[in-house]
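> Take this structure first; my questions come after.
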Amino acid sequence: MSATTWTTRCPKCDSCLSQNKAGRLCAHCEAKQPIRFTVYGDCQPAGSKRAFFRNGMKHPSVVDDNSKSKGWKHVVAYSARQVYQGPLLDGPLRFTATFYRPRLKGHYGSGRNAAALKASAPEYPTTKPDVLKLARAAEDALTGVVWRDDAQIVDEHLFKRWGEPARVEIVIEQIEPTAAAG
Ligand SMILES: [Zn+2]
């Protein structure tokens, strides 16, 4: 490996890279790359927000009525930090999440058919939790970690599928301003 530094160009925007970064994106394009990560575990929905007054309190306490969602949100935030430590994004975003739930044992045959899906097994997971509530928990977890405010999400693509292990695959893209905009 030679220590020579040569001039090359960013493969995406064609801007000059003065450093020895052949084949790599410039810092600007690198920052615009989609943020992709997988969070393993049993995806939890955000619960309903419940407000109540404790004795002597002037303001209500607001709690999420799904007690499991707090721990899950920490796992989501942790997983995001493994791949993104940049500044909080503040522009328009596209959020794509695919939630995988393991099939139930009853979907499979027994004995020598234990690995085979029954004809009656449902093709899609149509039972709770709702995909919107799953997404809301993930969005809550990523607010203040990846973006400033989940109102920045202007495109959202959500999928709920069977799959093992239980996980959610998340892709966050910054939407580039179009030439026509403004
Ligand atoms: Zn570039």
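Ordering of the structure tokens sets the chain letters (A, B, ...); residue numbers start at 1 within each chain; ligands are numbered from 1 in the order shown.
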What lies within 10 Å of Glu30 in chain A using only C-alpha atoms, ignoring chain neighbours under 4 positions off, as a ChimeraX atom specification?
/A:10,12,24-26,34
> Could you give me the residues within 12 Å of ligand 1, counting only C-alpha atoms and all ligand atoms, as a VMD selection string?
chain A and resid 8 to 17 21 to 33
> Name the closest residue to Tyr108 in chain A among the candidates A:Pro45, A:Pro122, A:Pro129, A:Gly56; distances are taken between atoms, counting only C-alpha atoms.
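Ranked by minimum distance to Tyr108 in chain A, first place goes to A:Pro122.
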> Which residue is closest to Asp150 in chain A? Choose from A:Asp130, A:Asp90, A:Asp42, A:Glu169 and count only C-alpha atoms.
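Among the listed residues, the smallest separation from Asp150 in chain A belongs to A:Asp90.
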> Counting only C-alpha atoms, figure out which residue out of A:Asn55, A:Thr143, A:Ala46, A:Tyr124 gets nearest to Tyr100 in chain A.
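For Tyr100 in chain A, the nearest of the candidates is A:Tyr124.
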> Give the strand (DSSP E) residues of range 22-164 of chain A, as DSSP finds them on the backbone, and put them as an mmCIF file with all heavy atoms, in the first residue's frame.

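See out.cif below for the written result:
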data_model
loop_
_atom_site.group_PDB
_atom_site.id
_atom_site.type_symbol
_atom_site.label_atom_id
_atom_site.label_comp_id
_atom_site.auth_asym_id
_atom_site.auth_seq_id
_atom_site.Cartn_x
_atom_site.Cartn_y
_atom_site.Cartn_z
ATOM 1 N N ILE A 35 -29.712 5.668 6.808
ATOM 2 C CA ILE A 35 -29.315 5.062 8.084
ATOM 3 C C ILE A 35 -30.101 3.759 8.188
ATOM 4 O O ILE A 35 -31.332 3.775 8.184
ATOM 5 C CB ILE A 35 -29.662 6.002 9.250
ATOM 6 C CG1 ILE A 35 -28.892 7.326 9.105
ATOM 7 C CG2 ILE A 35 -29.373 5.334 10.604
ATOM 8 C CD1 ILE A 35 -29.413 8.430 10.012
ATOM 9 N N ARG A 36 -29.398 2.640 8.216
ATOM 10 C CA ARG A 36 -30.061 1.335 8.247
ATOM 11 C C ARG A 36 -29.633 0.562 9.478
ATOM 12 O O ARG A 36 -28.440 0.492 9.762
ATOM 13 C CB ARG A 36 -29.622 0.469 7.045
ATOM 14 C CG ARG A 36 -29.999 0.995 5.715
ATOM 15 C CD ARG A 36 -29.329 0.144 4.629
ATOM 16 N NE ARG A 36 -29.564 0.747 3.332
ATOM 17 C CZ ARG A 36 -30.676 0.521 2.623
ATOM 18 N NH1 ARG A 36 -31.565 -0.347 3.053
ATOM 19 N NH2 ARG A 36 -30.858 1.129 1.480
ATOM 20 N N PHE A 37 -30.580 0.002 10.166
ATOM 21 C CA PHE A 37 -30.221 -0.863 11.287
ATOM 22 C C PHE A 37 -31.373 -1.809 11.599
ATOM 23 O O PHE A 37 -32.510 -1.595 11.176
ATOM 24 C CB PHE A 37 -29.810 -0.051 12.521
ATOM 25 C CG PHE A 37 -30.858 0.906 13.024
ATOM 26 C CD1 PHE A 37 -31.652 0.564 14.111
ATOM 27 C CD2 PHE A 37 -31.057 2.127 12.417
ATOM 28 C CE1 PHE A 37 -32.612 1.440 14.583
ATOM 29 C CE2 PHE A 37 -32.027 3.007 12.873
ATOM 30 C CZ PHE A 37 -32.806 2.663 13.956
ATOM 31 N N THR A 38 -31.013 -2.862 12.318
ATOM 32 C CA THR A 38 -31.980 -3.876 12.715
ATOM 33 C C THR A 38 -32.010 -3.925 14.234
ATOM 34 O O THR A 38 -30.957 -3.868 14.875
ATOM 35 C CB THR A 38 -31.569 -5.246 12.139
ATOM 36 O OG1 THR A 38 -31.543 -5.146 10.711
ATOM 37 C CG2 THR A 38 -32.548 -6.341 12.541
ATOM 38 N N VAL A 39 -33.189 -3.979 14.783
ATOM 39 C CA VAL A 39 -33.330 -4.099 16.231
ATOM 40 C C VAL A 39 -33.931 -5.469 16.508
ATOM 41 O O VAL A 39 -35.043 -5.762 16.049
ATOM 42 C CB VAL A 39 -34.255 -3.008 16.817
ATOM 43 C CG1 VAL A 39 -34.183 -3.021 18.334
ATOM 44 C CG2 VAL A 39 -33.909 -1.639 16.251
ATOM 45 N N TYR A 40 -33.188 -6.296 17.235
ATOM 46 C CA TYR A 40 -33.662 -7.646 17.516
ATOM 47 C C TYR A 40 -34.470 -7.671 18.806
ATOM 48 O O TYR A 40 -34.116 -7.003 19.774
ATOM 49 C CB TYR A 40 -32.480 -8.616 17.603
ATOM 50 C CG TYR A 40 -31.796 -8.765 16.270
ATOM 51 C CD1 TYR A 40 -30.687 -7.997 15.944
ATOM 52 C CD2 TYR A 40 -32.309 -9.631 15.310
ATOM 53 C CE1 TYR A 40 -30.085 -8.095 14.705
ATOM 54 C CE2 TYR A 40 -31.712 -9.744 14.067
ATOM 55 C CZ TYR A 40 -30.600 -8.974 13.770
ATOM 56 O OH TYR A 40 -30.026 -9.067 12.529
ATOM 57 N N LYS A 49 -51.396 6.810 25.806
ATOM 58 C CA LYS A 49 -50.904 7.717 26.850
ATOM 59 C C LYS A 49 -52.045 7.922 27.856
ATOM 60 O O LYS A 49 -53.184 8.130 27.492
ATOM 61 C CB LYS A 49 -50.500 9.059 26.245
ATOM 62 C CG LYS A 49 -49.301 8.972 25.324
ATOM 63 C CD LYS A 49 -48.000 9.086 26.087
ATOM 64 C CE LYS A 49 -46.800 9.314 25.182
ATOM 65 N NZ LYS A 49 -46.435 8.147 24.385
ATOM 66 N N ARG A 50 -51.684 7.808 29.121
ATOM 67 C CA ARG A 50 -52.682 7.948 30.165
ATOM 68 C C ARG A 50 -52.223 9.062 31.093
ATOM 69 O O ARG A 50 -51.066 9.070 31.504
ATOM 70 C CB ARG A 50 -52.769 6.634 30.947
ATOM 71 C CG ARG A 50 -54.127 6.249 31.477
ATOM 72 C CD ARG A 50 -54.195 4.726 31.670
ATOM 73 N NE ARG A 50 -52.992 4.142 32.265
ATOM 74 C CZ ARG A 50 -52.735 4.114 33.564
ATOM 75 N NH1 ARG A 50 -53.570 4.633 34.430
ATOM 76 N NH2 ARG A 50 -51.636 3.540 34.025
ATOM 77 N N ALA A 51 -53.060 9.991 31.368
ATOM 78 C CA ALA A 51 -52.682 11.089 32.263
ATOM 79 C C ALA A 51 -53.455 10.936 33.565
ATOM 80 O O ALA A 51 -54.635 10.574 33.560
ATOM 81 C CB ALA A 51 -53.002 12.424 31.625
ATOM 82 N N PHE A 52 -52.781 11.157 34.686
ATOM 83 C CA PHE A 52 -53.493 11.091 35.963
ATOM 84 C C PHE A 52 -52.855 12.065 36.939
ATOM 85 O O PHE A 52 -51.707 12.464 36.770
ATOM 86 C CB PHE A 52 -53.486 9.671 36.528
ATOM 87 C CG PHE A 52 -52.115 9.150 36.834
ATOM 88 C CD1 PHE A 52 -51.557 9.322 38.095
ATOM 89 C CD2 PHE A 52 -51.380 8.495 35.855
ATOM 90 C CE1 PHE A 52 -50.283 8.856 38.370
ATOM 91 C CE2 PHE A 52 -50.101 8.033 36.131
ATOM 92 C CZ PHE A 52 -49.552 8.210 37.381
ATOM 93 N N SER A 61 -49.385 13.427 35.624
ATOM 94 C CA SER A 61 -48.323 12.552 35.143
ATOM 95 C C SER A 61 -48.861 11.847 33.905
ATOM 96 O O SER A 61 -49.999 11.404 33.891
ATOM 97 C CB SER A 61 -47.986 11.488 36.190
ATOM 98 O OG SER A 61 -47.459 12.105 37.336
ATOM 99 N N VAL A 62 -48.026 11.749 32.890
ATOM 100 C CA VAL A 62 -48.446 11.056 31.672
ATOM 101 C C VAL A 62 -47.615 9.779 31.562
ATOM 102 O O VAL A 62 -46.392 9.828 31.614
ATOM 103 C CB VAL A 62 -48.246 11.941 30.421
ATOM 104 C CG1 VAL A 62 -48.650 11.192 29.164
ATOM 105 C CG2 VAL A 62 -49.058 13.222 30.567
ATOM 106 N N VAL A 63 -48.281 8.663 31.482
ATOM 107 C CA VAL A 63 -47.563 7.399 31.365
ATOM 108 C C VAL A 63 -48.069 6.640 30.147
ATOM 109 O O VAL A 63 -49.190 6.844 29.688
ATOM 110 C CB VAL A 63 -47.724 6.500 32.613
ATOM 111 C CG1 VAL A 63 -47.107 7.147 33.828
ATOM 112 C CG2 VAL A 63 -49.183 6.152 32.841
ATOM 113 N N ASP A 64 -47.178 5.787 29.639
ATOM 114 C CA ASP A 64 -47.519 4.906 28.535
ATOM 115 C C ASP A 64 -48.064 3.636 29.180
ATOM 116 O O ASP A 64 -47.426 3.076 30.064
ATOM 117 C CB ASP A 64 -46.227 4.620 27.759
ATOM 118 C CG ASP A 64 -46.482 3.919 26.451
ATOM 119 O OD1 ASP A 64 -47.281 2.961 26.452
ATOM 120 O OD2 ASP A 64 -45.870 4.314 25.458
ATOM 121 N N LEU A 93 -37.843 13.610 6.249
ATOM 122 C CA LEU A 93 -37.337 12.236 6.334
ATOM 123 C C LEU A 93 -38.323 11.234 5.751
ATOM 124 O O LEU A 93 -39.536 11.443 5.792
ATOM 125 C CB LEU A 93 -37.090 11.868 7.801
ATOM 126 C CG LEU A 93 -36.094 12.740 8.570
ATOM 127 C CD1 LEU A 93 -36.111 12.347 10.043
ATOM 128 C CD2 LEU A 93 -34.696 12.605 7.991
ATOM 129 N N ARG A 94 -37.744 10.148 5.239
ATOM 130 C CA ARG A 94 -38.527 8.984 4.842
ATOM 131 C C ARG A 94 -38.196 7.876 5.837
ATOM 132 O O ARG A 94 -37.027 7.566 6.068
ATOM 133 C CB ARG A 94 -38.149 8.558 3.423
ATOM 134 C CG ARG A 94 -38.885 7.325 2.919
ATOM 135 C CD ARG A 94 -38.496 7.007 1.486
ATOM 136 N NE ARG A 94 -38.823 8.119 0.614
ATOM 137 C CZ ARG A 94 -37.927 8.797 -0.124
ATOM 138 N NH1 ARG A 94 -36.670 8.454 -0.119
ATOM 139 N NH2 ARG A 94 -38.318 9.801 -0.873
ATOM 140 N N PHE A 95 -39.229 7.309 6.430
ATOM 141 C CA PHE A 95 -39.045 6.279 7.466
ATOM 142 C C PHE A 95 -39.656 4.979 6.971
ATOM 143 O O PHE A 95 -40.833 4.946 6.600
ATOM 144 C CB PHE A 95 -39.737 6.738 8.755
ATOM 145 C CG PHE A 95 -39.625 5.776 9.907
ATOM 146 C CD1 PHE A 95 -38.446 5.655 10.611
ATOM 147 C CD2 PHE A 95 -40.711 4.998 10.280
ATOM 148 C CE1 PHE A 95 -38.342 4.770 11.692
ATOM 149 C CE2 PHE A 95 -40.615 4.116 11.348
ATOM 150 C CZ PHE A 95 -39.430 4.005 12.056
ATOM 151 N N THR A 96 -38.840 3.936 6.911
ATOM 152 C CA THR A 96 -39.316 2.627 6.477
ATOM 153 C C THR A 96 -39.023 1.616 7.573
ATOM 154 O O THR A 96 -37.891 1.543 8.063
ATOM 155 C CB THR A 96 -38.613 2.195 5.167
ATOM 156 O OG1 THR A 96 -38.798 3.214 4.187
ATOM 157 C CG2 THR A 96 -39.178 0.875 4.645
ATOM 158 N N ALA A 97 -40.031 0.883 7.983
ATOM 159 C CA ALA A 97 -39.830 -0.110 9.043
ATOM 160 C C ALA A 97 -40.566 -1.388 8.679
ATOM 161 O O ALA A 97 -41.725 -1.358 8.260
ATOM 162 C CB ALA A 97 -40.341 0.427 10.378
ATOM 163 N N THR A 98 -39.858 -2.511 8.812
ATOM 164 C CA THR A 98 -40.472 -3.822 8.600
ATOM 165 C C THR A 98 -40.367 -4.598 9.908
ATOM 166 O O THR A 98 -39.260 -4.870 10.386
ATOM 167 C CB THR A 98 -39.772 -4.588 7.463
ATOM 168 O OG1 THR A 98 -39.711 -3.740 6.313
ATOM 169 C CG2 THR A 98 -40.540 -5.856 7.113
ATOM 170 N N PHE A 99 -41.510 -4.864 10.474
ATOM 171 C CA PHE A 99 -41.581 -5.563 11.761
ATOM 172 C C PHE A 99 -41.792 -7.049 11.494
ATOM 173 O O PHE A 99 -42.756 -7.426 10.818
ATOM 174 C CB PHE A 99 -42.744 -5.014 12.596
ATOM 175 C CG PHE A 99 -42.592 -3.556 12.924
ATOM 176 C CD1 PHE A 99 -43.090 -2.584 12.071
ATOM 177 C CD2 PHE A 99 -41.929 -3.151 14.074
ATOM 178 C CE1 PHE A 99 -42.931 -1.230 12.364
ATOM 179 C CE2 PHE A 99 -41.766 -1.811 14.372
ATOM 180 C CZ PHE A 99 -42.269 -0.843 13.510
ATOM 181 N N TYR A 100 -40.896 -7.884 12.014
ATOM 182 C CA TYR A 100 -41.003 -9.332 11.822
ATOM 183 C C TYR A 100 -41.432 -9.999 13.116
ATOM 184 O O TYR A 100 -40.815 -9.781 14.169
ATOM 185 C CB TYR A 100 -39.668 -9.919 11.365
ATOM 186 C CG TYR A 100 -39.324 -9.526 9.954
ATOM 187 C CD1 TYR A 100 -38.479 -8.448 9.708
ATOM 188 C CD2 TYR A 100 -39.846 -10.225 8.866
ATOM 189 C CE1 TYR A 100 -38.168 -8.069 8.414
ATOM 190 C CE2 TYR A 100 -39.535 -9.849 7.569
ATOM 191 C CZ TYR A 100 -38.692 -8.777 7.349
ATOM 192 O OH TYR A 100 -38.391 -8.405 6.070
ATOM 193 N N ARG A 101 -42.469 -10.814 12.999
ATOM 194 C CA ARG A 101 -42.959 -11.569 14.145
ATOM 195 C C ARG A 101 -42.796 -13.046 13.844
ATOM 196 O O ARG A 101 -43.118 -13.493 12.735
ATOM 197 C CB ARG A 101 -44.438 -11.263 14.376
ATOM 198 C CG ARG A 101 -44.736 -9.779 14.463
ATOM 199 C CD ARG A 101 -46.183 -9.563 14.788
ATOM 200 N NE ARG A 101 -46.504 -10.213 16.041
ATOM 201 C CZ ARG A 101 -47.733 -10.570 16.412
ATOM 202 N NH1 ARG A 101 -48.740 -10.379 15.592
ATOM 203 N NH2 ARG A 101 -47.932 -11.139 17.563
ATOM 204 N N ILE A 153 -41.006 13.308 9.636
ATOM 205 C CA ILE A 153 -41.265 12.163 8.752
ATOM 206 C C ILE A 153 -42.401 12.545 7.813
ATOM 207 O O ILE A 153 -43.524 12.782 8.248
ATOM 208 C CB ILE A 153 -41.624 10.908 9.558
ATOM 209 C CG1 ILE A 153 -40.465 10.532 10.486
ATOM 210 C CG2 ILE A 153 -41.966 9.752 8.620
ATOM 211 C CD1 ILE A 153 -40.818 9.453 11.497
ATOM 212 N N VAL A 154 -42.069 12.631 6.522
ATOM 213 C CA VAL A 154 -43.081 13.011 5.537
ATOM 214 C C VAL A 154 -43.455 11.832 4.630
ATOM 215 O O VAL A 154 -44.481 11.875 3.957
ATOM 216 C CB VAL A 154 -42.631 14.229 4.695
ATOM 217 C CG1 VAL A 154 -42.466 15.453 5.591
ATOM 218 C CG2 VAL A 154 -41.343 13.942 3.936
ATOM 219 N N ASP A 155 -42.595 10.818 4.595
ATOM 220 C CA ASP A 155 -42.908 9.573 3.881
ATOM 221 C C ASP A 155 -42.746 8.456 4.884
ATOM 222 O O ASP A 155 -41.708 8.384 5.556
ATOM 223 C CB ASP A 155 -41.891 9.290 2.768
ATOM 224 C CG ASP A 155 -42.138 10.100 1.517
ATOM 225 O OD1 ASP A 155 -42.992 11.006 1.545
ATOM 226 O OD2 ASP A 155 -41.459 9.813 0.521
ATOM 227 N N GLU A 156 -43.747 7.592 4.979
ATOM 228 C CA GLU A 156 -43.625 6.503 5.937
ATOM 229 C C GLU A 156 -44.088 5.214 5.271
ATOM 230 O O GLU A 156 -45.159 5.162 4.674
ATOM 231 C CB GLU A 156 -44.461 6.816 7.176
ATOM 232 C CG GLU A 156 -44.319 5.781 8.263
ATOM 233 C CD GLU A 156 -44.404 6.386 9.665
ATOM 234 O OE1 GLU A 156 -44.782 7.566 9.782
ATOM 235 O OE2 GLU A 156 -44.091 5.671 10.617
ATOM 236 N N HIS A 157 -43.261 4.176 5.390
ATOM 237 C CA HIS A 157 -43.575 2.881 4.785
ATOM 238 C C HIS A 157 -43.465 1.821 5.869
ATOM 239 O O HIS A 157 -42.383 1.604 6.412
ATOM 240 C CB HIS A 157 -42.613 2.575 3.643
ATOM 241 C CG HIS A 157 -42.605 3.623 2.579
ATOM 242 N ND1 HIS A 157 -43.469 3.615 1.526
ATOM 243 C CD2 HIS A 157 -41.857 4.741 2.459
ATOM 244 C CE1 HIS A 157 -43.261 4.681 0.781
ATOM 245 N NE2 HIS A 157 -42.284 5.381 1.326
ATOM 246 N N LEU A 158 -44.574 1.192 6.189
ATOM 247 C CA LEU A 158 -44.597 0.242 7.303
ATOM 248 C C LEU A 158 -45.042 -1.128 6.818
ATOM 249 O O LEU A 158 -45.973 -1.240 6.016
ATOM 250 C CB LEU A 158 -45.545 0.732 8.395
ATOM 251 C CG LEU A 158 -45.257 2.119 8.953
ATOM 252 C CD1 LEU A 158 -46.335 2.507 9.960
ATOM 253 C CD2 LEU A 158 -43.883 2.171 9.598
ATOM 254 N N PHE A 159 -44.383 -2.148 7.311
ATOM 255 C CA PHE A 159 -44.700 -3.528 6.942
ATOM 256 C C PHE A 159 -44.700 -4.376 8.201
ATOM 257 O O PHE A 159 -43.827 -4.217 9.055
ATOM 258 C CB PHE A 159 -43.642 -4.079 5.969
ATOM 259 C CG PHE A 159 -43.475 -3.245 4.731
ATOM 260 C CD1 PHE A 159 -42.574 -2.176 4.721
ATOM 261 C CD2 PHE A 159 -44.226 -3.498 3.601
ATOM 262 C CE1 PHE A 159 -42.429 -1.386 3.591
ATOM 263 C CE2 PHE A 159 -44.081 -2.717 2.464
ATOM 264 C CZ PHE A 159 -43.177 -1.653 2.458
ATOM 265 N N LYS A 160 -45.647 -5.289 8.273
ATOM 266 C CA LYS A 160 -45.683 -6.271 9.370
ATOM 267 C C LYS A 160 -45.690 -7.633 8.700
ATOM 268 O O LYS A 160 -46.592 -7.937 7.917
ATOM 269 C CB LYS A 160 -46.922 -6.043 10.230
ATOM 270 C CG LYS A 160 -46.985 -6.925 11.469
ATOM 271 C CD LYS A 160 -48.099 -6.483 12.433
ATOM 272 C CE LYS A 160 -49.477 -6.654 11.843
ATOM 273 N NZ LYS A 160 -50.557 -6.605 12.874
ATOM 274 N N ARG A 161 -44.696 -8.438 8.998
ATOM 275 C CA ARG A 161 -44.530 -9.709 8.306
ATOM 276 C C ARG A 161 -44.163 -10.806 9.308
ATOM 277 O O ARG A 161 -43.685 -10.524 10.398
ATOM 278 C CB ARG A 161 -43.382 -9.600 7.282
ATOM 279 C CG ARG A 161 -43.659 -8.623 6.148
ATOM 280 C CD ARG A 161 -44.722 -9.145 5.203
ATOM 281 N NE ARG A 161 -44.873 -8.297 4.037
ATOM 282 C CZ ARG A 161 -45.775 -7.316 3.922
ATOM 283 N NH1 ARG A 161 -46.586 -7.048 4.924
ATOM 284 N NH2 ARG A 161 -45.841 -6.605 2.818
ATOM 285 N N TRP A 162 -44.333 -12.051 8.887
ATOM 286 C CA TRP A 162 -43.783 -13.160 9.655
ATOM 287 C C TRP A 162 -42.292 -13.236 9.386
ATOM 288 O O TRP A 162 -41.857 -12.974 8.256
ATOM 289 C CB TRP A 162 -44.414 -14.490 9.215
ATOM 290 C CG TRP A 162 -45.883 -14.618 9.419
ATOM 291 C CD1 TRP A 162 -46.814 -14.835 8.437
ATOM 292 C CD2 TRP A 162 -46.610 -14.603 10.661
ATOM 293 N NE1 TRP A 162 -48.076 -14.927 8.993
ATOM 294 C CE2 TRP A 162 -47.976 -14.789 10.353
ATOM 295 C CE3 TRP A 162 -46.238 -14.424 11.995
ATOM 296 C CZ2 TRP A 162 -48.965 -14.818 11.324
ATOM 297 C CZ3 TRP A 162 -47.220 -14.447 12.958
ATOM 298 C CH2 TRP A 162 -48.566 -14.645 12.631
#
> From the set A:Gly109, A:Gly47, A:Gly163, A:Pro177, which residue has the shortest atom-to-atom contact distance to Lys73 in chain A, counting only C-alpha atoms?
A:Gly47
> DSSP on the backbone: what in range 13-68 of chain A comes out alpha helix (DSSP H), as a PyMOL selection string?
chain A and resi 27-32+68
> Using only all heavy atoms, please write the residues we just selected to a file, as an mmCIF file, in the first residue's frame.

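What follows is the written file selection38.cif:
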data_model
loop_
_atom_site.group_PDB
_atom_site.id
_atom_site.type_symbol
_atom_site.label_atom_id
_atom_site.label_comp_id
_atom_site.auth_asym_id
_atom_site.auth_seq_id
_atom_site.Cartn_x
_atom_site.Cartn_y
_atom_site.Cartn_z
ATOM 1 N N ALA A 27 -17.733 13.774 2.344
ATOM 2 C CA ALA A 27 -18.372 13.885 3.663
ATOM 3 C C ALA A 27 -19.840 14.280 3.530
ATOM 4 O O ALA A 27 -20.705 13.780 4.256
ATOM 5 C CB ALA A 27 -17.621 14.908 4.512
ATOM 6 N N HIS A 28 -20.133 15.155 2.570
ATOM 7 C CA HIS A 28 -21.506 15.612 2.367
ATOM 8 C C HIS A 28 -22.412 14.440 1.963
ATOM 9 O O HIS A 28 -23.471 14.231 2.548
ATOM 10 C CB HIS A 28 -21.537 16.701 1.292
ATOM 11 C CG HIS A 28 -22.921 17.103 0.895
ATOM 12 N ND1 HIS A 28 -23.694 17.956 1.652
ATOM 13 C CD2 HIS A 28 -23.683 16.739 -0.166
ATOM 14 C CE1 HIS A 28 -24.868 18.111 1.063
ATOM 15 N NE2 HIS A 28 -24.890 17.379 -0.040
ATOM 16 N N CYS A 29 -21.968 13.659 0.963
ATOM 17 C CA CYS A 29 -22.789 12.531 0.489
ATOM 18 C C CYS A 29 -22.854 11.433 1.554
ATOM 19 O O CYS A 29 -23.881 10.778 1.709
ATOM 20 C CB CYS A 29 -22.239 11.992 -0.823
ATOM 21 S SG CYS A 29 -22.459 13.150 -2.183
ATOM 22 N N GLU A 30 -21.755 11.245 2.242
ATOM 23 C CA GLU A 30 -21.720 10.236 3.311
ATOM 24 C C GLU A 30 -22.803 10.532 4.347
ATOM 25 O O GLU A 30 -23.535 9.654 4.788
ATOM 26 C CB GLU A 30 -20.335 10.265 3.979
ATOM 27 C CG GLU A 30 -20.111 9.196 5.026
ATOM 28 C CD GLU A 30 -19.953 7.806 4.434
ATOM 29 O OE1 GLU A 30 -19.188 7.665 3.460
ATOM 30 O OE2 GLU A 30 -20.593 6.875 4.942
ATOM 31 N N ALA A 31 -22.948 11.825 4.692
ATOM 32 C CA ALA A 31 -23.937 12.230 5.698
ATOM 33 C C ALA A 31 -25.360 12.042 5.200
ATOM 34 O O ALA A 31 -26.293 11.957 5.991
ATOM 35 C CB ALA A 31 -23.703 13.687 6.097
ATOM 36 N N LYS A 32 -25.535 11.980 3.862
ATOM 37 C CA LYS A 32 -26.875 11.828 3.300
ATOM 38 C C LYS A 32 -27.240 10.365 3.055
ATOM 39 O O LYS A 32 -28.309 10.070 2.545
ATOM 40 C CB LYS A 32 -26.962 12.587 1.963
ATOM 41 C CG LYS A 32 -26.839 14.093 2.110
ATOM 42 C CD LYS A 32 -28.140 14.700 2.600
ATOM 43 C CE LYS A 32 -28.051 16.225 2.661
ATOM 44 N NZ LYS A 32 -29.248 16.801 3.285
ATOM 45 N N LYS A 68 -44.020 -2.644 28.759
ATOM 46 C CA LYS A 68 -42.877 -3.218 28.044
ATOM 47 C C LYS A 68 -42.278 -2.243 27.039
ATOM 48 O O LYS A 68 -41.171 -2.443 26.549
ATOM 49 C CB LYS A 68 -43.311 -4.473 27.280
ATOM 50 C CG LYS A 68 -43.573 -5.673 28.162
ATOM 51 C CD LYS A 68 -43.935 -6.853 27.273
ATOM 52 C CE LYS A 68 -44.310 -8.066 28.092
ATOM 53 N NZ LYS A 68 -44.956 -9.083 27.238
#
> Counting only C-alpha atoms, which of A:Gly144, A:Gly111, A:Pro102, A:Pro125 gets nearest to Ala80 in chain A?
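That would be A:Gly144, the residue with the smallest distance to Ala80 in chain A.
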> Compare A:Ala141, A:Leu134, A:Leu89, A:Val83 by their minimum atom-to-atom distance to Gly71 in chain A, counting only C-alpha atoms, and give me the closest one.
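When distances to Gly71 in chain A are compared using only C-alpha atoms, the smallest one comes from A:Ala141.
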> Find the distance between CA of His74 in chain A and CA of His59 in chain A and write it in Å to one decimal.
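Computing the Euclidean distance for CA of His74 in chain A and CA of His59 in chain A yields 25.9 Å.
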> Measure the distance from CA of Thr127 in chain A to CA of Cys43 in chain A in Å and round it to one decimal.
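Going from CA of Thr127 in chain A over to CA of Cys43 in chain A, I get 13.5 Å.
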> Counting only C-alpha atoms, what is within 12 Å of Lys105 in chain A, bar same-chain residues fewer than 6 positions away, as a PDB file with N, CA and C atoms, in the first residue's frame?

ATOM      1  N   ASN A 113     -43.690 -33.481   9.638  1.00  0.00           N
ATOM      2  CA  ASN A 113     -44.097 -32.236   8.975  1.00  0.00           C
ATOM      3  C   ASN A 113     -43.824 -31.000   9.831  1.00  0.00           C
ATOM      4  N   ALA A 114     -42.998 -31.209  10.880  1.00  0.00           N
ATOM      5  CA  ALA A 114     -42.790 -30.120  11.843  1.00  0.00           C
ATOM      6  C   ALA A 114     -42.178 -28.878  11.197  1.00  0.00           C
ATOM      7  N   ALA A 115     -41.463 -29.062  10.073  1.00  0.00           N
ATOM      8  CA  ALA A 115     -40.840 -27.914   9.424  1.00  0.00           C
ATOM      9  C   ALA A 115     -41.749 -27.311   8.352  1.00  0.00           C
ATOM     10  N   ALA A 116     -42.854 -27.966   8.063  1.00  0.00           N
ATOM     11  CA  ALA A 116     -43.720 -27.523   6.963  1.00  0.00           C
ATOM     12  C   ALA A 116     -44.880 -26.686   7.484  1.00  0.00           C
ATOM     13  N   LEU A 117     -45.119 -25.582   6.800  1.00  0.00           N
ATOM     14  CA  LEU A 117     -46.265 -24.749   7.155  1.00  0.00           C
ATOM     15  C   LEU A 117     -47.550 -25.468   6.763  1.00  0.00           C
ATOM     16  N   LYS A 118     -48.532 -25.390   7.618  1.00  0.00           N
ATOM     17  CA  LYS A 118     -49.839 -25.934   7.273  1.00  0.00           C
ATOM     18  C   LYS A 118     -50.474 -25.057   6.189  1.00  0.00           C
ATOM     19  N   ALA A 121     -52.138 -22.086   7.570  1.00  0.00           N
ATOM     20  CA  ALA A 121     -51.372 -21.040   8.268  1.00  0.00           C
ATOM     21  C   ALA A 121     -51.577 -19.694   7.570  1.00  0.00           C
TER      22      ALA A 121
END
> For the atom pair CA of Val76 in chain A and CA of Glu173 in chain A, what is the interatomic distance in Å to one decimal place?
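Going from CA of Val76 in chain A over to CA of Glu173 in chain A covers 17.0 Å.
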